[in-house]
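Source file: model.pdb (PDB, C-alpha atoms, pLDDT in the B column)
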MODEL        1
ATOM      1  CA  MET A  12       1.315  60.242  -0.730  1.00 51.00           C
ATOM      2  CA  GLY A  13       0.653  62.469   2.308  1.00 55.00           C
ATOM      3  CA  THR A  14       1.618  61.576   5.849  1.00 46.00           C
ATOM      4  CA  LYS A  15      -2.017  60.924   6.813  1.00 45.00           C
ATOM      5  CA  ARG A  16      -2.539  58.553   3.864  1.00 46.00           C
ATOM      6  CA  VAL A  17       0.663  56.664   4.699  1.00 38.00           C
ATOM      7  CA  TRP A  18      -0.477  56.311   8.301  1.00 38.00           C
ATOM      8  CA  MET A  19      -3.920  55.073   7.243  1.00 41.00           C
ATOM      9  CA  ALA A  20      -2.397  52.546   4.815  1.00 42.00           C
ATOM     10  CA  LEU A  21      -0.111  51.194   7.524  1.00 37.00           C
ATOM     11  CA  LEU A  22      -3.045  50.966   9.933  1.00 38.00           C
ATOM     12  CA  GLY A  23      -5.068  49.044   7.346  1.00 45.00           C
ATOM     13  CA  LEU A  24      -2.188  46.660   6.729  1.00 38.00           C
ATOM     14  CA  ALA A  25      -1.793  46.071  10.451  1.00 40.00           C
ATOM     15  CA  LEU A  26      -5.496  45.254  10.784  1.00 38.00           C
ATOM     16  CA  VAL A  27      -5.331  42.787   7.892  1.00 39.00           C
ATOM     17  CA  LEU A  28      -2.235  41.081   9.293  1.00 39.00           C
ATOM     18  CA  GLY A  29      -3.770  41.019  12.738  1.00 45.00           C
ATOM     19  CA  THR A  30      -6.881  39.332  11.387  1.00 41.00           C
ATOM     20  CA  ARG A  31      -4.813  36.734   9.565  1.00 42.00           C
ATOM     21  CA  VAL A  32      -2.750  35.989  12.695  1.00 38.00           C
ATOM     22  CA  SER A  33      -5.943  35.734  14.732  1.00 39.00           C
ATOM     23  CA  ASN A  34      -7.493  33.335  12.206  1.00 45.00           C
ATOM     24  CA  ALA A  35      -4.333  31.237  12.100  1.00 43.00           C
ATOM     25  CA  ALA A  36      -4.250  31.073  15.877  1.00 42.00           C
ATOM     26  CA  GLY A  37      -7.866  29.985  15.874  1.00 46.00           C
ATOM     27  CA  GLU A  38      -7.124  27.242  13.372  1.00 46.00           C
ATOM     28  CA  GLU A  39      -4.188  26.017  15.444  1.00 51.00           C
ATOM     29  CA  ALA A  40      -6.297  26.043  18.588  1.00 47.00           C
ATOM     30  CA  LYS A  41      -8.990  23.892  16.981  1.00 52.00           C
ATOM     31  CA  PRO A  42      -8.396  20.370  18.274  1.00 56.00           C
ATOM     32  CA  ARG A  43      -8.045  17.542  15.771  1.00 54.00           C
ATOM     33  CA  PRO A  44      -9.740  14.225  16.526  1.00 56.00           C
ATOM     34  CA  VAL A  45      -7.532  11.773  18.389  1.00 62.00           C
ATOM     35  CA  VAL A  46      -6.210   9.183  15.938  1.00 69.00           C
ATOM     36  CA  PRO A  47      -7.353   5.775  17.213  1.00 77.00           C
ATOM     37  CA  ARG A  48      -4.913   2.971  17.866  1.00 89.00           C
ATOM     38  CA  VAL A  49      -4.768   0.208  15.244  1.00 95.00           C
ATOM     39  CA  ILE A  50      -4.655  -3.432  16.350  1.00 95.00           C
ATOM     40  CA  VAL A  51      -3.798  -6.120  13.808  1.00 96.00           C
ATOM     41  CA  TYR A  52      -4.899  -9.647  14.741  1.00 95.00           C
ATOM     42  CA  ILE A  53      -2.671 -12.314  13.184  1.00 94.00           C
ATOM     43  CA  ARG A  54      -3.957 -15.755  12.281  1.00 91.00           C
ATOM     44  CA  GLN A  55      -1.347 -18.375  11.344  1.00 84.00           C
ATOM     45  CA  ASP A  56      -3.322 -21.613  11.758  1.00 68.00           C
ATOM     46  CA  ASN A  57      -0.688 -24.369  11.441  1.00 63.00           C
ATOM     47  CA  LEU A  58       1.910 -22.044   9.934  1.00 64.00           C
ATOM     48  CA  LEU A  59       4.919 -20.909  11.946  1.00 67.00           C
ATOM     49  CA  VAL A  60       6.585 -17.829  10.472  1.00 73.00           C
ATOM     50  CA  ALA A  61      10.118 -17.619  11.820  1.00 74.00           C
ATOM     51  CA  ASP A  62      10.568 -13.958  10.870  1.00 85.00           C
ATOM     52  CA  LEU A  63       7.170 -12.791  12.137  1.00 90.00           C
ATOM     53  CA  GLY A  64       8.624 -10.877  15.085  1.00 91.00           C
ATOM     54  CA  ARG A  65      10.886  -8.820  12.833  1.00 91.00           C
ATOM     55  CA  ALA A  66       8.031  -8.283  10.389  1.00 93.00           C
ATOM     56  CA  GLU A  67       5.766  -6.966  13.138  1.00 95.00           C
ATOM     57  CA  ARG A  68       8.470  -4.612  14.427  1.00 95.00           C
ATOM     58  CA  THR A  69       9.035  -3.364  10.886  1.00 96.00           C
ATOM     59  CA  THR A  70       5.329  -2.682  10.325  1.00 97.00           C
ATOM     60  CA  THR A  71       4.968  -0.992  13.711  1.00 97.00           C
ATOM     61  CA  GLY A  72       7.921   1.274  12.955  1.00 97.00           C
ATOM     62  CA  ILE A  73       6.572   2.190   9.524  1.00 97.00           C
ATOM     63  CA  PHE A  74       3.284   3.406  10.972  1.00 97.00           C
ATOM     64  CA  ALA A  75       5.004   5.100  13.902  1.00 96.00           C
ATOM     65  CA  SER A  76       6.937   7.178  11.356  1.00 96.00           C
ATOM     66  CA  ILE A  77       3.633   8.780  10.263  1.00 96.00           C
ATOM     67  CA  GLY A  78       2.270   9.119  13.790  1.00 95.00           C
ATOM     68  CA  VAL A  79      -0.007   6.069  13.875  1.00 96.00           C
ATOM     69  CA  LEU A  80       0.152   3.712  16.860  1.00 95.00           C
ATOM     70  CA  LEU A  81      -0.128   0.100  15.684  1.00 96.00           C
ATOM     71  CA  ALA A  82       0.065  -3.119  17.687  1.00 95.00           C
ATOM     72  CA  PHE A  83      -0.170  -6.828  16.889  1.00 96.00           C
ATOM     73  CA  ARG A  84      -2.147  -9.542  18.653  1.00 94.00           C
ATOM     74  CA  ALA A  85      -2.372 -13.262  17.948  1.00 91.00           C
ATOM     75  CA  GLY A  86      -5.683 -14.869  17.064  1.00 88.00           C
ATOM     76  CA  VAL A  87      -9.095 -13.776  15.873  1.00 85.00           C
ATOM     77  CA  GLU A  88     -10.347 -10.240  16.260  1.00 85.00           C
ATOM     78  CA  PRO A  89     -12.588 -10.067  19.357  1.00 83.00           C
ATOM     79  CA  LYS A  90     -16.024  -8.503  19.284  1.00 75.00           C
ATOM     80  CA  SER A  91     -14.899  -5.806  21.704  1.00 70.00           C
ATOM     81  CA  ARG A  92     -11.485  -4.147  21.262  1.00 57.00           C
ATOM     82  CA  GLY A  93     -11.820  -1.399  23.808  1.00 59.00           C
ATOM     83  CA  GLU A  94     -12.351   2.298  23.260  1.00 59.00           C
ATOM     84  CA  GLY A  95     -10.568   4.141  20.481  1.00 69.00           C
ATOM     85  CA  ALA A  96      -9.196   1.095  18.667  1.00 83.00           C
ATOM     86  CA  VAL A  97      -9.460  -0.040  15.057  1.00 90.00           C
ATOM     87  CA  GLY A  98      -9.184  -3.805  14.557  1.00 91.00           C
ATOM     88  CA  ILE A  99      -7.962  -5.573  11.416  1.00 94.00           C
ATOM     89  CA  GLU A 100      -7.744  -9.344  11.016  1.00 94.00           C
ATOM     90  CA  MET A 101      -4.879 -10.730   8.930  1.00 95.00           C
ATOM     91  CA  GLN A 102      -4.368 -14.307   7.733  1.00 93.00           C
ATOM     92  CA  LEU A 103      -0.885 -15.655   6.955  1.00 93.00           C
ATOM     93  CA  ASP A 104      -1.116 -18.344   4.267  1.00 90.00           C
ATOM     94  CA  ALA A 105       1.620 -20.949   3.801  1.00 85.00           C
ATOM     95  CA  LYS A 106       0.999 -22.113   0.231  1.00 85.00           C
ATOM     96  CA  THR A 107      -0.665 -20.186  -2.555  1.00 86.00           C
ATOM     97  CA  PRO A 108      -2.030 -21.668  -5.811  1.00 86.00           C
ATOM     98  CA  ALA A 109      -0.010 -20.299  -8.738  1.00 84.00           C
ATOM     99  CA  GLN A 110      -2.997 -18.690 -10.483  1.00 85.00           C
ATOM    100  CA  PHE A 111      -4.548 -17.204  -7.332  1.00 88.00           C
ATOM    101  CA  HIS A 112      -3.849 -13.442  -7.438  1.00 88.00           C
ATOM    102  CA  ALA A 113      -0.929 -14.284  -9.696  1.00 87.00           C
ATOM    103  CA  GLY A 114       2.214 -12.302  -8.904  1.00 86.00           C
ATOM    104  CA  ALA A 115       0.831 -10.768  -5.713  1.00 92.00           C
ATOM    105  CA  MET A 116       2.390 -11.320  -2.286  1.00 94.00           C
ATOM    106  CA  ALA A 117      -0.826 -10.417  -0.492  1.00 95.00           C
ATOM    107  CA  TYR A 118      -4.239  -8.892  -0.981  1.00 93.00           C
ATOM    108  CA  ALA A 119      -6.630  -6.833   1.104  1.00 93.00           C
ATOM    109  CA  MET A 120     -10.351  -6.191   1.161  1.00 90.00           C
ATOM    110  CA  PRO A 121     -10.482  -2.482   2.033  1.00 85.00           C
ATOM    111  CA  PHE A 122     -14.275  -2.293   1.871  1.00 83.00           C
ATOM    112  CA  GLY A 123     -14.856  -5.101   4.387  1.00 75.00           C
ATOM    113  CA  VAL A 124     -15.960  -4.310   7.924  1.00 73.00           C
ATOM    114  CA  SER A 125     -15.271  -7.587   9.746  1.00 72.00           C
ATOM    115  CA  GLY A 126     -13.604 -10.982   9.422  1.00 75.00           C
ATOM    116  CA  THR A 127     -10.317 -11.619   7.641  1.00 87.00           C
ATOM    117  CA  ARG A 128      -9.582  -8.548   5.557  1.00 91.00           C
ATOM    118  CA  ILE A 129      -5.952  -9.284   4.648  1.00 95.00           C
ATOM    119  CA  HIS A 130      -4.282 -12.417   3.282  1.00 94.00           C
ATOM    120  CA  VAL A 131      -0.483 -12.620   3.089  1.00 94.00           C
ATOM    121  CA  PHE A 132       1.120 -15.286   0.902  1.00 93.00           C
ATOM    122  CA  CYS A 133       4.184 -16.172   2.949  1.00 89.00           C
ATOM    123  CA  ASP A 134       5.638 -18.563   0.346  1.00 88.00           C
ATOM    124  CA  ARG A 135       5.712 -15.768  -2.241  1.00 91.00           C
ATOM    125  CA  VAL A 136       7.209 -13.315   0.230  1.00 91.00           C
ATOM    126  CA  ARG A 137      10.048 -15.763   0.938  1.00 86.00           C
ATOM    127  CA  ASN A 138      10.679 -16.155  -2.794  1.00 85.00           C
ATOM    128  CA  ALA A 139      10.639 -12.406  -3.493  1.00 81.00           C
ATOM    129  CA  GLN A 140      14.180 -11.827  -2.235  1.00 71.00           C
ATOM    130  CA  PRO A 141      16.165 -15.071  -1.966  1.00 60.00           C
ATOM    131  CA  ASP A 142      19.222 -13.230  -0.627  1.00 63.00           C
ATOM    132  CA  GLY A 143      17.625 -12.637   2.755  1.00 64.00           C
ATOM    133  CA  GLY A 144      15.656  -9.928   4.514  1.00 77.00           C
ATOM    134  CA  THR A 145      12.406 -11.921   4.522  1.00 85.00           C
ATOM    135  CA  GLY A 146      11.213 -10.570   7.871  1.00 90.00           C
ATOM    136  CA  THR A 147      11.704  -6.963   6.819  1.00 92.00           C
ATOM    137  CA  ILE A 148      10.042  -7.476   3.450  1.00 94.00           C
ATOM    138  CA  LEU A 149       7.133  -9.283   5.122  1.00 93.00           C
ATOM    139  CA  GLY A 150       6.766  -6.234   7.364  1.00 95.00           C
ATOM    140  CA  TYR A 151       6.492  -3.942   4.351  1.00 97.00           C
ATOM    141  CA  VAL A 152       3.967  -6.266   2.703  1.00 96.00           C
ATOM    142  CA  MET A 153       1.884  -6.200   5.882  1.00 97.00           C
ATOM    143  CA  ALA A 154       2.146  -2.400   6.100  1.00 98.00           C
ATOM    144  CA  HIS A 155       1.032  -2.062   2.471  1.00 97.00           C
ATOM    145  CA  GLU A 156      -2.099  -4.158   3.034  1.00 97.00           C
ATOM    146  CA  VAL A 157      -2.970  -2.570   6.399  1.00 97.00           C
ATOM    147  CA  ALA A 158      -2.763   0.831   4.703  1.00 97.00           C
ATOM    148  CA  HIS A 159      -5.259  -0.329   2.051  1.00 96.00           C
ATOM    149  CA  VAL A 160      -7.730  -1.291   4.772  1.00 95.00           C
ATOM    150  CA  LEU A 161      -7.226   1.917   6.762  1.00 95.00           C
ATOM    151  CA  GLN A 162      -7.586   4.132   3.693  1.00 94.00           C
ATOM    152  CA  GLY A 163     -10.721   2.248   2.708  1.00 91.00           C
ATOM    153  CA  VAL A 164     -10.045   2.701  -0.993  1.00 87.00           C
ATOM    154  CA  SER A 165      -8.507   0.572  -3.731  1.00 84.00           C
ATOM    155  CA  ARG A 166      -5.601   2.626  -5.052  1.00 91.00           C
ATOM    156  CA  HIS A 167      -1.824   2.575  -5.510  1.00 96.00           C
ATOM    157  CA  SER A 168       0.817   5.270  -5.624  1.00 96.00           C
ATOM    158  CA  ALA A 169       3.599   5.949  -8.089  1.00 96.00           C
ATOM    159  CA  GLU A 170       6.229   5.850  -5.329  1.00 96.00           C
ATOM    160  CA  GLY A 171       6.805   4.417  -1.888  1.00 97.00           C
ATOM    161  CA  ILE A 172       5.188   1.626   0.095  1.00 98.00           C
ATOM    162  CA  MET A 173       1.906   1.792  -1.794  1.00 98.00           C
ATOM    163  CA  LYS A 174       3.346   1.112  -5.263  1.00 96.00           C
ATOM    164  CA  ALA A 175       1.483  -1.595  -7.157  1.00 94.00           C
ATOM    165  CA  ARG A 176       4.756  -3.355  -8.008  1.00 93.00           C
ATOM    166  CA  TRP A 177       8.002  -2.950  -6.110  1.00 95.00           C
ATOM    167  CA  GLU A 178      11.271  -2.877  -8.002  1.00 93.00           C
ATOM    168  CA  ILE A 179      14.878  -3.612  -7.041  1.00 92.00           C
ATOM    169  CA  PRO A 180      15.558  -0.076  -5.682  1.00 94.00           C
ATOM    170  CA  ASP A 181      12.430  -0.376  -3.519  1.00 95.00           C
ATOM    171  CA  TYR A 182      13.655  -3.653  -1.999  1.00 93.00           C
ATOM    172  CA  ARG A 183      16.997  -2.012  -1.264  1.00 92.00           C
ATOM    173  CA  GLN A 184      15.227   0.761   0.589  1.00 95.00           C
ATOM    174  CA  MET A 185      13.186  -1.792   2.528  1.00 94.00           C
ATOM    175  CA  LYS A 186      16.313  -3.547   3.729  1.00 91.00           C
ATOM    176  CA  SER A 187      17.753  -0.244   4.915  1.00 92.00           C
ATOM    177  CA  GLY A 188      14.415   0.730   6.479  1.00 92.00           C
ATOM    178  CA  THR A 189      14.027   3.850   4.354  1.00 95.00           C
ATOM    179  CA  LEU A 190      11.126   3.081   1.987  1.00 97.00           C
ATOM    180  CA  PRO A 191       8.426   5.573   3.096  1.00 97.00           C
ATOM    181  CA  PHE A 192       4.750   6.149   2.611  1.00 98.00           C
ATOM    182  CA  ASP A 193       4.052   8.694  -0.091  1.00 97.00           C
ATOM    183  CA  PRO A 194       2.790  11.877   1.662  1.00 96.00           C
ATOM    184  CA  THR A 195      -0.594  11.458  -0.024  1.00 96.00           C
ATOM    185  CA  ASP A 196      -0.958   7.969   1.445  1.00 97.00           C
ATOM    186  CA  ALA A 197      -0.010   9.161   4.913  1.00 97.00           C
ATOM    187  CA  GLU A 198      -2.616  11.915   4.663  1.00 96.00           C
ATOM    188  CA  LEU A 199      -5.298   9.489   3.477  1.00 96.00           C
ATOM    189  CA  ILE A 200      -4.584   7.199   6.427  1.00 96.00           C
ATOM    190  CA  HIS A 201      -4.867  10.067   8.906  1.00 95.00           C
ATOM    191  CA  GLU A 202      -8.035  11.404   7.299  1.00 94.00           C
ATOM    192  CA  ALA A 203      -9.666   7.980   7.465  1.00 92.00           C
ATOM    193  CA  LEU A 204      -8.646   7.423  11.099  1.00 93.00           C
ATOM    194  CA  GLU A 205      -9.806  10.896  12.119  1.00 91.00           C
ATOM    195  CA  LYS A 206     -13.132  10.256  10.400  1.00 88.00           C
ATOM    196  CA  ARG A 207     -13.505   7.029  12.380  1.00 82.00           C
ATOM    197  CA  ALA A 208     -12.691   8.888  15.593  1.00 79.00           C
ATOM    198  CA  THR A 209     -15.269  11.582  14.845  1.00 79.00           C
ATOM    199  CA  GLN A 210     -17.957   9.026  14.017  1.00 71.00           C
ATOM    200  CA  SER A 211     -17.152   7.063  17.152  1.00 65.00           C
ATOM    201  CA  ALA A 212     -17.419  10.185  19.310  1.00 63.00           C
ATOM    202  CA  ARG A 213     -20.802  11.048  17.799  1.00 60.00           C
ATOM    203  CA  ALA A 214     -22.055   7.522  18.422  1.00 57.00           C
ATOM    204  CA  GLU A 215     -21.189   7.623  22.121  1.00 56.00           C
ATOM    205  CA  PRO A 216     -24.186   8.225  24.429  1.00 53.00           C
ATOM    206  CA  PRO A 217     -24.226  11.683  26.049  1.00 51.00           C
ATOM    207  CA  PRO A 218     -23.105  11.840  29.689  1.00 52.00           C
ATOM    208  CA  ARG A 219     -25.879  11.851  32.278  1.00 53.00           C
TER     209      ARG A 219
ENDMDL
END
Rewrite the structure from the file as structure tokens, please.
Amino acid sequence: MGTKRVWMALLGLALVLGTRVSNAAGEEAKPRPVVPRVIVYIRQDNLLVADLGRAERTTTGIFASIGVLLAFRAGVEPKSRGEGAVGIEMQLDAKTPAQFHAGAMAYAMPFGVSGTRIHVFCDRVRNAQPDGGTGTILGYVMAHEVAHVLQGVSRHSAEGIMKARWEIPDYRQMKSGTLPFDPTDAELIHEALEKRATQSARAEPPPR
């Protein structure tokens, strides 16, 4: 190949690489919607859960690990939560009939838009691991159900927090605080929250 052809080939390659770098820079510069804060409203009625504080800290830490800010409040979800917040109401139940959602420690209604969307069966959570760690396990149960509501779909994963049935190794990871969300679940949560943020921004009245 002659010197001129070599020079032209190098110039073409430089232009292609320059275009790719420019496109990548443009993609990085494009702002992503701000992920809204999630507020979980806990209803206990006449039930007092001794390990609730640890459970809430566990759930908060789980979501913080994927970049989602989550907070807990006591009582019923108010009509107004403030700007940029997603509210989820959770009921803690003391006693569960044996045949009601048999084998489950909780259930969620991911397609609901208001009212109680999560029920947690505290008696079954306590019986899941009799050797202790109830508060931590309760936190993982809560995280699992909150994720269902945030994703807005009824699905489970083969591994991680969103497994349909946890096994002994999963409980061991819970107690050590190392059972994660599967990357697909984390992505689904972010996509759903970003979609909410985009819809909320479009619904806001234009400034005068």
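For A:His201, the non-local neighbours within 12 Å, defined as residues at least 5 positions apart in the same chain or in other chains and counting only C-alpha atoms, are Arg43, Pro44, Val45, Val46, Pro47, Arg48, Val49, Phe74, Ile77, Gly78, Val79, Leu80, Ala158, Leu161, Gln162, Gly163, Pro194, Thr195, Asp196, Lys206, Arg207 and Ala208 of chain A.
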Quick one: apply the PyMOL selection byres ((chain A and resi 131-148) around 8) to the file and drop the selected residues here as a list in words.
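When the PyMOL selection byres ((chain A and resi 131-148) around 8) is applied, the selected residues are Asp62, Leu63, Gly64, Arg65, Ala66, Thr69, Met101, Gln102, Leu103, Asp104, Ala105, Lys106, Thr107, Ala115, Met116, Ala117, Tyr118, Ile129, His130, Leu149, Gly150, Tyr151, Val152, Met153, Tyr182, Met185 and Lys186 of chain A.
Nearest to A:Trp177 of all the residues A:Gly86, A:Gly98, A:Pro108, A:Gly114 is A:Gly114, based on all atoms listed in the file.
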By how many Å are atom CA of A:Ile53 and atom CA of A:Glu88 apart?
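Atom CA of A:Glu88 lies at a distance of 8.5 Å from atom CA of A:Ile53.
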Please report the interatomic distance between atom CA of A:Phe192 and atom CA of A:Val160 in Å with one decimal.
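Answer for the atom CA of A:Phe192 to atom CA of A:Val160 separation: 14.7 Å.
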A straight line from atom CA of A:Asp181 to atom CA of A:Arg84 spans 28.1 Å
Just want the 7 Å neighbourhood of A:Thr71, counted on only C-alpha atoms, with same-chain residues fewer than 3 positions away dropped. Output as a JSON list (two decimals) with C-alpha atoms, in the coordinates of the input.
[["chain", "number", "residue", "atom", "x", "y", "z"],
["A", 67, "GLU", "CA", 5.77, -6.97, 13.14],
["A", 68, "ARG", "CA", 8.47, -4.61, 14.43],
["A", 74, "PHE", "CA", 3.28, 3.41, 10.97],
["A", 75, "ALA", "CA", 5.00, 5.10, 13.90],
["A", 81, "LEU", "CA", -0.13, 0.10, 15.68],
["A", 82, "ALA", "CA", 0.06, -3.12, 17.69]]
I need the residue nearest A:Glu205 from this list: A:Ser91, A:Val60, A:Gln110, A:Ala96. Use all atoms listed in the file for the distance.
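Nearest candidate to A:Glu205 out of A:Ser91, A:Val60, A:Gln110, A:Ala96: A:Ala96.
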Selection dump of the PyMOL selection byres ((chain A and resi 193) around 10), as a list in words:
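So the PyMOL selection byres ((chain A and resi 193) around 10), applied here, picks out Ser168, Ala169, Glu170, Gly171, Ile172, Met173, Lys174, Leu190, Pro191, Phe192, Pro194, Thr195, Asp196, Ala197 and Glu198 of chain A.
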A:Phe111, A:Leu199, A:Thr189, A:His159 ranked by distance to A:Gly123, top pick (using all atoms listed in the file):
A:His159
Of the residues A:Val51, A:Glu178, A:Ala203, A:Gln184, which is the one nearest to A:Gly126, using all atoms listed in the file?
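Among A:Val51, A:Glu178, A:Ala203, A:Gln184, it is A:Val51 that comes nearest to A:Gly126.
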